[in-house]
>>> print(open('data_30.cif').read())   # mmCIF, C-alpha atoms
data_coords
loop_
_atom_site.group_PDB
_atom_site.id
_atom_site.type_symbol
_atom_site.label_atom_id
_atom_site.label_comp_id
_atom_site.auth_asym_id
_atom_site.auth_seq_id
_atom_site.Cartn_x
_atom_site.Cartn_y
_atom_site.Cartn_z
ATOM 1 C CA MET A 16 103.983 80.806 94.384
ATOM 2 C CA SER A 17 103.379 84.503 94.663
ATOM 3 C CA TRP A 18 103.355 85.962 91.146
ATOM 4 C CA SER A 19 103.726 89.675 90.481
ATOM 5 C CA SER A 20 104.145 89.130 86.713
ATOM 6 C CA GLY A 21 107.656 90.588 86.921
ATOM 7 C CA LYS A 22 111.224 89.375 86.563
ATOM 8 C CA ASP A 23 111.748 88.437 90.221
ATOM 9 C CA SER A 24 108.722 86.139 90.096
ATOM 10 C CA ALA A 25 109.871 84.593 86.823
ATOM 11 C CA TRP A 26 113.363 83.996 88.202
ATOM 12 C CA THR A 27 111.982 82.467 91.397
ATOM 13 C CA LEU A 28 109.797 80.099 89.377
ATOM 14 C CA HIS A 29 112.812 79.112 87.259
ATOM 15 C CA VAL A 30 114.971 78.437 90.332
ATOM 16 C CA LEU A 31 112.267 76.464 92.143
ATOM 17 C CA ARG A 32 111.548 74.306 89.115
ATOM 18 C CA GLY A 33 115.208 73.306 89.118
ATOM 19 C CA GLN A 34 115.008 71.923 92.657
ATOM 20 C CA SER A 35 113.850 68.403 93.410
ATOM 21 C CA GLY A 36 111.043 67.900 95.888
ATOM 22 C CA ILE A 37 109.280 71.171 95.110
ATOM 23 C CA GLU A 38 105.953 71.123 93.321
ATOM 24 C CA ILE A 39 104.566 74.444 92.132
ATOM 25 C CA VAL A 40 100.762 74.196 92.135
ATOM 26 C CA GLY A 41 99.793 77.670 90.977
ATOM 27 C CA LEU A 42 100.582 81.324 90.550
ATOM 28 C CA LEU A 43 99.063 83.552 93.244
ATOM 29 C CA THR A 44 98.496 87.150 92.250
ATOM 30 C CA THR A 45 96.414 90.155 93.214
ATOM 31 C CA LEU A 46 94.325 91.737 90.497
ATOM 32 C CA ASN A 47 92.725 95.170 90.593
ATOM 33 C CA GLU A 48 89.029 94.424 89.953
ATOM 34 C CA GLU A 49 88.292 97.736 88.283
ATOM 35 C CA PHE A 50 91.169 97.787 85.793
ATOM 36 C CA GLN A 51 91.868 94.031 85.530
ATOM 37 C CA ARG A 52 95.571 94.598 86.095
ATOM 38 C CA VAL A 53 98.105 92.964 88.374
ATOM 39 C CA ALA A 54 98.288 95.118 91.469
ATOM 40 C CA MET A 55 102.087 95.093 91.756
ATOM 41 C CA HIS A 56 103.169 95.919 88.188
ATOM 42 C CA GLY A 57 99.991 96.937 86.400
ATOM 43 C CA SER A 58 100.308 94.117 83.864
ATOM 44 C CA ARG A 59 97.120 93.447 81.926
ATOM 45 C CA ARG A 60 95.101 90.360 82.807
ATOM 46 C CA SER A 61 95.734 89.006 79.296
ATOM 47 C CA VAL A 62 99.502 89.153 79.939
ATOM 48 C CA LEU A 63 99.039 87.431 83.294
ATOM 49 C CA GLU A 64 96.977 84.677 81.677
ATOM 50 C CA ALA A 65 99.575 84.234 78.915
ATOM 51 C CA GLN A 66 102.335 83.907 81.534
ATOM 52 C CA ALA A 67 100.361 81.268 83.438
ATOM 53 C CA ALA A 68 99.650 79.358 80.227
ATOM 54 C CA ALA A 69 103.327 79.456 79.265
ATOM 55 C CA ALA A 70 104.272 78.218 82.738
ATOM 56 C CA GLN A 71 101.513 75.594 82.535
ATOM 57 C CA LEU A 72 100.208 76.601 85.953
ATOM 58 C CA PRO A 73 96.772 77.675 87.145
ATOM 59 C CA LEU A 74 96.186 81.198 88.378
ATOM 60 C CA TRP A 75 95.079 81.817 91.932
ATOM 61 C CA ILE A 76 93.686 85.325 91.573
ATOM 62 C CA VAL A 77 92.964 87.509 94.587
ATOM 63 C CA ARG A 78 90.564 90.172 93.372
ATOM 64 C CA CYS A 79 90.995 93.512 95.137
ATOM 65 C CA PRO A 80 89.103 96.753 94.698
ATOM 66 C CA GLY A 81 91.201 99.652 93.562
ATOM 67 C CA PRO A 82 92.391 101.159 95.694
ATOM 68 C CA ALA A 83 92.121 98.532 98.437
ATOM 69 C CA SER A 84 92.723 99.301 102.064
ATOM 70 C CA ASN A 85 95.412 97.264 103.789
ATOM 71 C CA GLU A 86 92.675 95.599 105.858
ATOM 72 C CA GLU A 87 90.780 94.585 102.703
ATOM 73 C CA TYR A 88 93.958 93.273 101.058
ATOM 74 C CA GLU A 89 94.904 91.254 104.139
ATOM 75 C CA SER A 90 91.390 89.829 104.442
ATOM 76 C CA ARG A 91 91.371 88.657 100.839
ATOM 77 C CA MET A 92 94.870 87.217 101.153
ATOM 78 C CA ALA A 93 93.789 85.381 104.320
ATOM 79 C CA ASP A 94 90.931 83.827 102.329
ATOM 80 C CA VAL A 95 93.277 82.486 99.664
ATOM 81 C CA CYS A 96 95.699 81.245 102.334
ATOM 82 C CA ARG A 97 92.858 79.273 103.924
ATOM 83 C CA ARG A 98 92.117 77.788 100.511
ATOM 84 C CA ALA A 99 95.779 76.813 100.127
ATOM 85 C CA VAL A 100 95.864 75.154 103.549
ATOM 86 C CA ASN A 101 92.644 73.279 102.710
ATOM 87 C CA GLU A 102 94.250 72.066 99.478
ATOM 88 C CA HIS A 103 97.344 70.878 101.398
ATOM 89 C CA VAL A 104 99.689 73.561 100.083
ATOM 90 C CA ASP A 105 102.456 73.800 102.661
ATOM 91 C CA ALA A 106 104.410 76.852 101.489
ATOM 92 C CA VAL A 107 104.236 80.003 99.408
ATOM 93 C CA ALA A 108 107.342 81.191 97.590
ATOM 94 C CA PHE A 109 108.020 84.894 97.057
ATOM 95 C CA GLY A 110 110.565 86.442 94.728
ATOM 96 C CA ASP A 111 110.945 89.688 96.669
ATOM 97 C CA LEU A 112 112.134 88.398 100.035
ATOM 98 C CA PHE A 113 115.590 89.936 99.638
ATOM 99 C CA LEU A 114 113.820 93.101 100.836
ATOM 100 C CA THR A 115 113.968 92.607 104.611
ATOM 101 C CA ASP A 116 110.922 94.722 105.431
ATOM 102 C CA VAL A 117 108.813 92.891 102.843
ATOM 103 C CA ARG A 118 110.033 89.531 104.133
ATOM 104 C CA ALA A 119 109.178 90.431 107.742
ATOM 105 C CA TYR A 120 105.697 91.541 106.683
ATOM 106 C CA ARG A 121 105.042 88.339 104.691
ATOM 107 C CA GLU A 122 106.295 86.128 107.521
ATOM 108 C CA ARG A 123 104.090 87.972 109.999
ATOM 109 C CA GLN A 124 101.012 87.686 107.763
ATOM 110 C CA LEU A 125 101.534 84.014 106.929
ATOM 111 C CA LYS A 126 102.442 82.854 110.438
ATOM 112 C CA PRO A 127 98.826 82.022 111.391
ATOM 113 C CA THR A 128 98.510 79.624 108.424
ATOM 114 C CA GLY A 129 100.878 76.994 109.824
ATOM 115 C CA PRO A 130 104.422 76.012 110.801
#
>>> encode(input="data_30.cif", output="C-alpha coordinates")
Amino acid sequence: MSWSSGKDSAWTLHVLRGQSGIEIVGLLTTLNEEFQRVAMHGSRRSVLEAQAAAAQLPLWIVRCPGPASNEEYESRMADVCRRAVNEHVDAVAFGDLFLTDVRAYRERQLKPTGP
(Lines of atoms letter the chains of each structure in order from A and count residues from 1; the text may use other names and numbers.)
(Lines give C-alpha, C1' and ligand atoms only; values in the text may rest on other atoms or scores of the structure.)
Protein backbone atom coordinates (compact mmCIF):
# COMPACT_ATOMS: atom_id res chain seq x y z
CA MET A 1 0.00 0.00 0.00
CA SER A 2 1.10 3.53 -0.68
CA TRP A 3 2.44 4.99 2.57
CA SER A 4 2.92 8.71 3.08
CA SER A 5 3.59 8.28 6.83
CA GLY A 6 0.48 10.34 7.60
CA LYS A 7 -2.96 9.78 9.08
CA ASP A 8 -4.73 8.92 5.82
CA SER A 9 -2.24 6.13 5.17
CA ALA A 10 -2.57 4.84 8.73
CA TRP A 11 -6.36 4.86 8.50
CA THR A 12 -6.30 3.08 5.14
CA LEU A 13 -4.03 0.38 6.56
CA HIS A 14 -6.37 -0.04 9.54
CA VAL A 15 -9.45 -0.35 7.30
CA LEU A 16 -7.80 -2.78 4.89
CA ARG A 17 -6.56 -5.01 7.69
CA GLY A 18 -10.15 -5.34 8.85
CA GLN A 19 -11.28 -6.77 5.51
CA SER A 20 -11.02 -10.44 4.66
CA GLY A 21 -9.23 -11.46 1.49
CA ILE A 22 -6.79 -8.55 1.50
CA GLU A 23 -3.13 -9.17 2.21
CA ILE A 24 -0.92 -6.14 2.72
CA VAL A 25 2.61 -7.06 1.59
CA GLY A 26 4.45 -3.80 2.18
CA LEU A 27 4.45 -0.06 2.60
CA LEU A 28 5.42 1.84 -0.56
CA THR A 29 6.85 5.28 -0.01
CA THR A 30 9.01 7.86 -1.74
CA LEU A 31 12.06 9.07 0.12
CA ASN A 32 14.11 12.16 -0.67
CA GLU A 33 17.64 10.78 -1.12
CA GLU A 34 19.40 13.92 0.04
CA PHE A 35 17.47 14.50 3.27
CA GLN A 36 16.27 10.93 3.96
CA ARG A 37 12.72 12.15 4.50
CA VAL A 38 9.38 10.97 3.20
CA ALA A 39 8.62 13.10 0.17
CA MET A 40 4.96 13.74 1.04
CA HIS A 41 5.18 14.78 4.71
CA GLY A 42 8.88 15.23 5.39
CA SER A 43 8.89 12.53 8.08
CA ARG A 44 12.36 11.32 9.01
CA ARG A 45 13.47 7.92 7.75
CA SER A 46 13.72 6.73 11.37
CA VAL A 47 10.02 7.54 11.88
CA LEU A 48 9.14 5.73 8.66
CA GLU A 49 11.11 2.67 9.75
CA ALA A 50 9.45 2.72 13.18
CA GLN A 51 6.00 2.87 11.54
CA ALA A 52 6.83 -0.10 9.30
CA ALA A 53 8.16 -2.08 12.26
CA ALA A 54 5.03 -1.32 14.28
CA ALA A 55 2.87 -2.40 11.33
CA GLN A 56 5.08 -5.47 10.86
CA LEU A 57 5.42 -4.74 7.15
CA PRO A 58 8.46 -4.30 4.92
CA LEU A 59 9.21 -0.95 3.35
CA TRP A 60 9.26 -0.57 -0.40
CA ILE A 61 11.26 2.64 -0.70
CA VAL A 62 11.38 4.64 -3.92
CA ARG A 63 14.45 6.84 -3.65
CA CYS A 64 14.06 10.19 -5.41
CA PRO A 65 16.51 13.04 -5.76
CA GLY A 66 15.37 16.28 -4.23
CA PRO A 67 13.85 17.96 -6.00
CA ALA A 68 12.83 15.30 -8.53
CA SER A 69 11.28 16.13 -11.85
CA ASN A 70 7.89 14.59 -12.55
CA GLU A 71 9.54 12.45 -15.24
CA GLU A 72 12.12 11.14 -12.74
CA TYR A 73 9.43 10.43 -10.14
CA GLU A 74 7.26 8.59 -12.66
CA SER A 75 10.22 6.56 -13.92
CA ARG A 76 11.15 5.43 -10.42
CA MET A 77 7.53 4.63 -9.58
CA ALA A 78 7.27 2.61 -12.80
CA ASP A 79 10.30 0.59 -11.67
CA VAL A 80 8.69 -0.29 -8.35
CA CYS A 81 5.40 -1.11 -10.08
CA ARG A 82 7.24 -3.57 -12.33
CA ARG A 83 8.74 -5.13 -9.21
CA ALA A 84 5.26 -5.44 -7.68
CA VAL A 85 3.86 -7.08 -10.81
CA ASN A 86 6.82 -9.49 -10.86
CA GLU A 87 6.10 -10.37 -7.23
CA HIS A 88 2.42 -11.01 -8.05
CA VAL A 89 1.07 -7.94 -6.26
CA ASP A 90 -2.28 -7.24 -7.90
CA ALA A 91 -3.24 -3.87 -6.39
CA VAL A 92 -1.91 -0.79 -4.66
CA ALA A 93 -4.07 0.95 -2.07
CA PHE A 94 -3.92 4.72 -1.59
CA GLY A 95 -5.33 6.71 1.30
CA ASP A 96 -5.74 9.96 -0.64
CA LEU A 97 -8.11 8.87 -3.40
CA PHE A 98 -10.97 11.00 -2.08
CA LEU A 99 -9.15 13.79 -3.95
CA THR A 100 -10.53 13.30 -7.47
CA ASP A 101 -7.57 14.83 -9.30
CA VAL A 102 -5.11 12.68 -7.35
CA ARG A 103 -7.21 9.58 -8.01
CA ALA A 104 -7.36 10.28 -11.75
CA TYR A 105 -3.59 10.76 -11.86
CA ARG A 106 -2.90 7.51 -9.96
CA GLU A 107 -5.31 5.54 -12.14
CA ARG A 108 -3.69 6.94 -15.28
CA GLN A 109 -0.17 6.13 -14.06
CA LEU A 110 -1.02 2.62 -12.88
CA LYS A 111 -3.14 1.61 -15.87
CA PRO A 112 -0.18 0.14 -17.81
CA THR A 113 0.63 -2.25 -14.93
CA GLY A 114 -2.46 -4.43 -15.39
CA PRO A 115 -6.25 -4.78 -15.19
>>> atom_distance(input="data_30.cif", atom1="atom CA of A:Ser35", atom2="atom CA of A:Thr115")
26.7 Å
>>> resolve_selection(input="data_30.cif", expression="the PyMOL selection byres ((chain A and resi 53-67) around 12)", output="MDAnalysis selection string")
chainID A and resid 16:25 28 39:52 68:83 88 111
>>> write_last_selection(input="data_30.cif", atoms="C-alpha atoms", output="PDB file, in the frame of the given file")
ATOM      1  CA  MET A  16     103.983  80.806  94.384  1.00  0.00           C
ATOM      2  CA  SER A  17     103.379  84.503  94.663  1.00  0.00           C
ATOM      3  CA  TRP A  18     103.355  85.962  91.146  1.00  0.00           C
ATOM      4  CA  SER A  19     103.726  89.675  90.481  1.00  0.00           C
ATOM      5  CA  SER A  20     104.145  89.130  86.713  1.00  0.00           C
ATOM      6  CA  GLY A  21     107.656  90.588  86.921  1.00  0.00           C
ATOM      7  CA  LYS A  22     111.224  89.375  86.563  1.00  0.00           C
ATOM      8  CA  ASP A  23     111.748  88.437  90.221  1.00  0.00           C
ATOM      9  CA  SER A  24     108.722  86.139  90.096  1.00  0.00           C
ATOM     10  CA  ALA A  25     109.871  84.593  86.823  1.00  0.00           C
ATOM     11  CA  LEU A  28     109.797  80.099  89.377  1.00  0.00           C
ATOM     12  CA  ILE A  39     104.566  74.444  92.132  1.00  0.00           C
ATOM     13  CA  VAL A  40     100.762  74.196  92.135  1.00  0.00           C
ATOM     14  CA  GLY A  41      99.793  77.670  90.977  1.00  0.00           C
ATOM     15  CA  LEU A  42     100.582  81.324  90.550  1.00  0.00           C
ATOM     16  CA  LEU A  43      99.063  83.552  93.244  1.00  0.00           C
ATOM     17  CA  THR A  44      98.496  87.150  92.250  1.00  0.00           C
ATOM     18  CA  THR A  45      96.414  90.155  93.214  1.00  0.00           C
ATOM     19  CA  LEU A  46      94.325  91.737  90.497  1.00  0.00           C
ATOM     20  CA  ASN A  47      92.725  95.170  90.593  1.00  0.00           C
ATOM     21  CA  GLU A  48      89.029  94.424  89.953  1.00  0.00           C
ATOM     22  CA  GLU A  49      88.292  97.736  88.283  1.00  0.00           C
ATOM     23  CA  PHE A  50      91.169  97.787  85.793  1.00  0.00           C
ATOM     24  CA  GLN A  51      91.868  94.031  85.530  1.00  0.00           C
ATOM     25  CA  ARG A  52      95.571  94.598  86.095  1.00  0.00           C
ATOM     26  CA  ALA A  68      99.650  79.358  80.227  1.00  0.00           C
ATOM     27  CA  ALA A  69     103.327  79.456  79.265  1.00  0.00           C
ATOM     28  CA  ALA A  70     104.272  78.218  82.738  1.00  0.00           C
ATOM     29  CA  GLN A  71     101.513  75.594  82.535  1.00  0.00           C
ATOM     30  CA  LEU A  72     100.208  76.601  85.953  1.00  0.00           C
ATOM     31  CA  PRO A  73      96.772  77.675  87.145  1.00  0.00           C
ATOM     32  CA  LEU A  74      96.186  81.198  88.378  1.00  0.00           C
ATOM     33  CA  TRP A  75      95.079  81.817  91.932  1.00  0.00           C
ATOM     34  CA  ILE A  76      93.686  85.325  91.573  1.00  0.00           C
ATOM     35  CA  VAL A  77      92.964  87.509  94.587  1.00  0.00           C
ATOM     36  CA  ARG A  78      90.564  90.172  93.372  1.00  0.00           C
ATOM     37  CA  CYS A  79      90.995  93.512  95.137  1.00  0.00           C
ATOM     38  CA  PRO A  80      89.103  96.753  94.698  1.00  0.00           C
ATOM     39  CA  GLY A  81      91.201  99.652  93.562  1.00  0.00           C
ATOM     40  CA  PRO A  82      92.391 101.159  95.694  1.00  0.00           C
ATOM     41  CA  ALA A  83      92.121  98.532  98.437  1.00  0.00           C
ATOM     42  CA  TYR A  88      93.958  93.273 101.058  1.00  0.00           C
ATOM     43  CA  ASP A 111     110.945  89.688  96.669  1.00  0.00           C
TER      44      ASP A 111
END
>>> residues_around(input="data_30.cif", residues="A:Ile37", least_positions_apart="4", cutoff="12 Å", atoms="all atoms listed in the file", output="CSV table (one decimal) with C-alpha atoms, in the frame of the given file")
chain,number,residue,atom,x,y,z
A,16,MET,CA,104.0,80.8,94.4
A,28,LEU,CA,109.8,80.1,89.4
A,29,HIS,CA,112.8,79.1,87.3
A,30,VAL,CA,115.0,78.4,90.3
A,31,LEU,CA,112.3,76.5,92.1
A,32,ARG,CA,111.5,74.3,89.1
A,33,GLY,CA,115.2,73.3,89.1
A,104,VAL,CA,99.7,73.6,100.1
A,105,ASP,CA,102.5,73.8,102.7
A,106,ALA,CA,104.4,76.9,101.5
A,107,VAL,CA,104.2,80.0,99.4
A,108,ALA,CA,107.3,81.2,97.6
>>> atom_distance(input="data_30.cif", atom1="atom CA of A:Asp94", atom2="atom CA of A:Gln34")
28.5 Å
>>> resolve_selection(input="data_30.cif", expression="the PyMOL selection byres ((chain A and resi 96) around 10)", output="PyMOL selection string")
chain A and resi 43+90-95+97-102+104+106-107+124-125+127-128
>>> build_atoms(input="data_30.cif", residues="stretch 71-82 of chain A", atoms="all heavy atoms", output="JSON list (two decimals), keeping the file's coordinate frame")
[["chain", "number", "residue", "atom", "x", "y", "z"],
["A", 71, "GLN", "N", 102.39, 76.75, 82.35],
["A", 71, "GLN", "CA", 101.51, 75.59, 82.54],
["A", 71, "GLN", "C", 101.08, 75.44, 83.99],
["A", 71, "GLN", "O", 101.14, 74.35, 84.57],
["A", 71, "GLN", "CB", 102.17, 74.32, 82.01],
["A", 71, "GLN", "CG", 102.48, 74.38, 80.54],
["A", 71, "GLN", "CD", 103.16, 73.14, 80.00],
["A", 71, "GLN", "OE1", 103.91, 72.47, 80.69],
["A", 71, "GLN", "NE2", 102.87, 72.83, 78.75],
["A", 72, "LEU", "N", 100.66, 76.57, 84.57],
["A", 72, "LEU", "CA", 100.21, 76.60, 85.95],
["A", 72, "LEU", "C", 98.89, 77.37, 86.05],
["A", 72, "LEU", "O", 98.70, 78.35, 85.34],
["A", 72, "LEU", "CB", 101.26, 77.28, 86.85],
["A", 72, "LEU", "CG", 102.53, 76.51, 87.08],
["A", 72, "LEU", "CD1", 103.59, 77.40, 87.72],
["A", 72, "LEU", "CD2", 102.26, 75.27, 87.94],
["A", 73, "PRO", "N", 98.02, 76.93, 86.95],
["A", 73, "PRO", "CA", 96.77, 77.68, 87.14],
["A", 73, "PRO", "C", 97.01, 78.98, 87.90],
["A", 73, "PRO", "O", 97.96, 79.08, 88.68],
["A", 73, "PRO", "CB", 95.91, 76.72, 87.97],
["A", 73, "PRO", "CG", 96.88, 75.86, 88.70],
["A", 73, "PRO", "CD", 98.09, 75.73, 87.79],
["A", 74, "LEU", "N", 96.15, 79.93, 87.64],
["A", 74, "LEU", "CA", 96.19, 81.20, 88.38],
["A", 74, "LEU", "C", 95.32, 81.11, 89.62],
["A", 74, "LEU", "O", 94.22, 80.57, 89.58],
["A", 74, "LEU", "CB", 95.65, 82.33, 87.49],
["A", 74, "LEU", "CG", 96.57, 82.82, 86.40],
["A", 74, "LEU", "CD1", 95.82, 83.77, 85.48],
["A", 74, "LEU", "CD2", 97.78, 83.50, 87.00],
["A", 75, "TRP", "N", 95.84, 81.63, 90.71],
["A", 75, "TRP", "CA", 95.08, 81.82, 91.93],
["A", 75, "TRP", "C", 94.96, 83.33, 92.07],
["A", 75, "TRP", "O", 95.88, 83.99, 92.55],
["A", 75, "TRP", "CB", 95.81, 81.23, 93.13],
["A", 75, "TRP", "CG", 95.83, 79.74, 93.22],
["A", 75, "TRP", "CD1", 95.99, 78.85, 92.20],
["A", 75, "TRP", "CD2", 95.70, 78.98, 94.40],
["A", 75, "TRP", "NE1", 95.99, 77.58, 92.69],
["A", 75, "TRP", "CE2", 95.81, 77.62, 94.03],
["A", 75, "TRP", "CE3", 95.51, 79.30, 95.75],
["A", 75, "TRP", "CZ2", 95.72, 76.59, 94.97],
["A", 75, "TRP", "CZ3", 95.44, 78.28, 96.67],
["A", 75, "TRP", "CH2", 95.53, 76.94, 96.27],
["A", 76, "ILE", "N", 93.85, 83.88, 91.61],
["A", 76, "ILE", "CA", 93.69, 85.32, 91.57],
["A", 76, "ILE", "C", 92.98, 85.81, 92.83],
["A", 76, "ILE", "O", 91.93, 85.28, 93.21],
["A", 76, "ILE", "CB", 92.91, 85.76, 90.32],
["A", 76, "ILE", "CG1", 93.74, 85.45, 89.07],
["A", 76, "ILE", "CG2", 92.54, 87.23, 90.39],
["A", 76, "ILE", "CD1", 93.04, 85.77, 87.77],
["A", 77, "VAL", "N", 93.57, 86.81, 93.46],
["A", 77, "VAL", "CA", 92.96, 87.51, 94.59],
["A", 77, "VAL", "C", 92.47, 88.83, 94.02],
["A", 77, "VAL", "O", 93.26, 89.69, 93.65],
["A", 77, "VAL", "CB", 93.98, 87.74, 95.73],
["A", 77, "VAL", "CG1", 93.34, 88.52, 96.87],
["A", 77, "VAL", "CG2", 94.56, 86.42, 96.21],
["A", 78, "ARG", "N", 91.15, 88.95, 93.93],
["A", 78, "ARG", "CA", 90.56, 90.17, 93.37],
["A", 78, "ARG", "C", 90.47, 91.23, 94.47],
["A", 78, "ARG", "O", 89.91, 90.98, 95.52],
["A", 78, "ARG", "CB", 89.20, 89.86, 92.80],
["A", 78, "ARG", "CG", 89.29, 89.03, 91.54],
["A", 78, "ARG", "CD", 87.92, 88.51, 91.10],
["A", 78, "ARG", "NE", 88.03, 87.78, 89.85],
["A", 78, "ARG", "CZ", 88.44, 86.52, 89.76],
["A", 78, "ARG", "NH1", 88.78, 85.85, 90.84],
["A", 78, "ARG", "NH2", 88.52, 85.92, 88.59],
["A", 79, "CYS", "N", 91.01, 92.41, 94.17],
["A", 79, "CYS", "CA", 91.00, 93.51, 95.14],
["A", 79, "CYS", "C", 90.40, 94.75, 94.48],
["A", 79, "CYS", "O", 90.68, 95.03, 93.32],
["A", 79, "CYS", "CB", 92.41, 93.84, 95.62],
["A", 79, "CYS", "SG", 93.11, 92.60, 96.71],
["A", 80, "PRO", "N", 89.59, 95.49, 95.25],
["A", 80, "PRO", "CA", 89.10, 96.75, 94.70],
["A", 80, "PRO", "C", 90.27, 97.72, 94.56],
["A", 80, "PRO", "O", 91.30, 97.56, 95.19],
["A", 80, "PRO", "CB", 88.10, 97.23, 95.75],
["A", 80, "PRO", "CG", 88.52, 96.57, 97.01],
["A", 80, "PRO", "CD", 89.17, 95.28, 96.62],
["A", 81, "GLY", "N", 90.13, 98.68, 93.71],
["A", 81, "GLY", "CA", 91.20, 99.65, 93.56],
["A", 81, "GLY", "C", 90.71, 101.04, 93.93],
["A", 81, "GLY", "O", 89.72, 101.49, 93.38],
["A", 82, "PRO", "N", 91.33, 101.69, 94.83],
["A", 82, "PRO", "CA", 92.39, 101.16, 95.69],
["A", 82, "PRO", "C", 91.80, 100.34, 96.84],
["A", 82, "PRO", "O", 90.67, 100.60, 97.27],
["A", 82, "PRO", "CB", 93.08, 102.41, 96.24],
["A", 82, "PRO", "CG", 91.98, 103.45, 96.25],
["A", 82, "PRO", "CD", 91.08, 103.12, 95.07]]
